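Notes follow once the structure below has been shown.
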Amino acid sequence: MTDPAKTATLSFDGKSFELPMYSPTAGPDVVDIRKLYADAGVFTYDPGFTSTASCDSTITYIDGGEGVLLHRGYPIDQLASKSHYLEVCYLLLYGELPTAAQLEDFETRVTRHTMIHEQMHNFFRGFRRDAHPMATMVGVVGAMSAFYHDSTDINDPWQREVASIRLIAKMPTIAAMAYKYSIGQPFNYPRNDLDYAANFLHMCFAVPAEKYEVNPILSRAMDRIFILHADHEQNASTSTVRLASSSGANPFACIAAGIACLWGPAHGGANQACLEMLKEIGSVDRIPEYIERAKDKNDPFRLMGFGHRVYKNFDPRAKVMKQSADEVLDLLGVDNNPLLQVAKELERIALQDEYFADKKLFPNVDFYSGIILEAMGFPTSMFTPIFALSRTVGWISQWKEMIGDPQMKIGRPRQLYLGETQRDYVNVEDR
């Protein structure tokens, strides 16, 4: 990793300091500043850590300029088109695609852990019915450490493995229960005869009064949503999981911290914001007005679901997600849903408009996933919980990688202090 021939020189106050550089397998070279404070007595300043590598990793690589997303070297479009979610989970967790026997064993282990402890049902009933499902998930996932004592020791490799399987297996059950609780319907227990995505849909939409058959097109679309959100390198929630785990916190607490971070509208709420924008537009005949507003620099309105902070060219996940969106809308139709009519027409106009092409404001994964989830019948409040259950495997993979890293240290960012210097205390009667 280190290239002895490459160093960076930092000069100030008549002194120079040589800093080693690392060359990754892909991406820009990295300047090692770990000894900078000890040697030079200065910190670096990088709000948001957008120019700082906080770790080394072998899991996910993104090249936003070229529109590249790789999991363990495999392009995301290949995985989404040819693989399925649990196989991608195996790949992220263990580094290689599984053999048929390995995949069968992994799927069996996940399937046999989908039920949650029966006493955990009481946690759901402690929330108000109108509680946001993400609030429920943060509380319930954090509470798992009170029920699964045999998988909280981060120093035991087997306990780490058990915790990983449990979290991947139980997160759909918890998300579905949060949804059912919010709409006043009874919980559905998981079914071992259904695959991962179909089981989640069944837990969300089946009712005791009648039989519910999971449509394979909807199941495949949900599976793709899971795959396309499985991991995304060192984003805010993943960094939160890593920071929490650096203190030695148990895995359930770390994943609960990731869910809490994901809840933020600037992170996991993008597809929900997209649907809220479509509701604001309201009807197809108002789209030209909002297109013009999006082009006006003096207008605060922005087209949500177009462009991406990381991908400056195109979102590599969007192409596959668009295919799923087309399949779902063909199946369910849009004639009776004005929101979906607006989405389809907005997509058509934006893809043909030179302004958006020049600005590279293409529909992203959040635009299409929001359309799919809306068509399936999920309320917008469930969009982020579905994101959370999809991302759980990414968080766990990053957590396991960090725990096994001999260079792991507790996270401790520095600061540029701009407050008052030392002052003497003044008694209250003298102020």
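Labels for the structure tokens follow display order: chains A, B, ..., residues from 1 in each chain, ligands from 1.
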Given only C-alpha atoms, how would the per-residue table for range 354-430 of chain A near range 309-331 of chain A read, listing every residue at most 7 Å away with its closest atom pair and distance in Å to one decimal, sorted by chain and number, as a Markdown table?
| residue | atom | partner | partner_atom | distance |
| --- | --- | --- | --- | --- |
| A:Lys360 | CA | A:Asn313 | CA | 5.9 |
| A:Phe362 | CA | A:Phe314 | CA | 6.4 |
| A:Pro363 | CA | A:Ala318 | CA | 7.0 |
| A:Asn364 | CA | A:Ala318 | CA | 5.1 |
| A:Val365 | CA | A:Ala318 | CA | 4.5 |
| A:Tyr368 | CA | A:Lys322 | CA | 5.9 |
| A:Ser369 | CA | A:Met321 | CA | 6.7 |
| A:Ile371 | CA | A:Ala325 | CA | 6.8 |
| A:Ile372 | CA | A:Ala325 | CA | 5.5 |
Dump N, CA, C and O atoms for the selected residues as a short mmCIF file (atom, residue, chain, number, x, y, z; two decimals), in the first residue's frame?
data_model
loop_
_atom_site.label_atom_id
_atom_site.label_comp_id
_atom_site.auth_asym_id
_atom_site.auth_seq_id
_atom_site.Cartn_x
_atom_site.Cartn_y
_atom_site.Cartn_z
N LYS A 360 -26.14 17.27 -16.18
CA LYS A 360 -26.06 15.86 -15.77
C LYS A 360 -27.03 15.56 -14.62
O LYS A 360 -26.70 14.82 -13.68
N PHE A 362 -29.61 13.59 -14.16
CA PHE A 362 -30.38 12.43 -14.56
C PHE A 362 -31.17 11.88 -13.36
O PHE A 362 -30.76 12.06 -12.22
N PRO A 363 -32.29 11.19 -13.60
CA PRO A 363 -32.99 10.55 -12.49
C PRO A 363 -32.05 9.59 -11.77
O PRO A 363 -31.32 8.83 -12.40
N ASN A 364 -32.07 9.64 -10.43
CA ASN A 364 -31.19 8.77 -9.67
C ASN A 364 -31.97 7.63 -9.02
O ASN A 364 -33.17 7.48 -9.22
N VAL A 365 -31.27 6.83 -8.23
CA VAL A 365 -31.89 5.64 -7.64
C VAL A 365 -33.04 6.01 -6.72
O VAL A 365 -34.04 5.27 -6.61
N TYR A 368 -36.43 6.54 -8.73
CA TYR A 368 -37.10 5.31 -9.16
C TYR A 368 -37.56 4.45 -7.99
O TYR A 368 -38.63 3.85 -8.03
N SER A 369 -36.76 4.39 -6.92
CA SER A 369 -37.18 3.56 -5.78
C SER A 369 -38.41 4.16 -5.12
O SER A 369 -39.31 3.42 -4.68
N ILE A 371 -40.79 5.82 -6.64
CA ILE A 371 -41.93 5.48 -7.51
C ILE A 371 -42.37 4.03 -7.27
O ILE A 371 -43.57 3.74 -7.17
N ILE A 372 -41.41 3.12 -7.19
CA ILE A 372 -41.73 1.70 -7.00
C ILE A 372 -42.45 1.49 -5.68
O ILE A 372 -43.49 0.81 -5.61
#
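Neighbours of range 120-130 of chain A closer than or equal to 9 Å, with only C-alpha atoms counted and sequence neighbours fewer than 6 positions away skipped, come out as Thr136, Gly139, Val140, Ala143, Met144, Phe147, Met177, Ala178, Tyr181, Ser182, Ile183 and Gly184 of chain A.
For the set A:Thr50, A:Val214, A:Thr9, A:Asn427, the residue with the smallest atom-to-atom gap to Leu36 in chain A is A:Thr9, counting only C-alpha atoms.
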| message | Would you compute the distance between CA of His132 in chain A and CA of Arg112 in chain A? Give it in Å to one decimal. | response |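 CA of Arg112 in chain A lies at a distance of 28.4 Å from CA of His132 in chain A.
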| message | as a PyMOL selection string, please: the residues near Arg109 in chain A (cut-off 9 Å, only C-alpha atoms, same-chain neighbours under 3 positions excluded). | response | chain A and resi 104-106+112-113+165-166+169
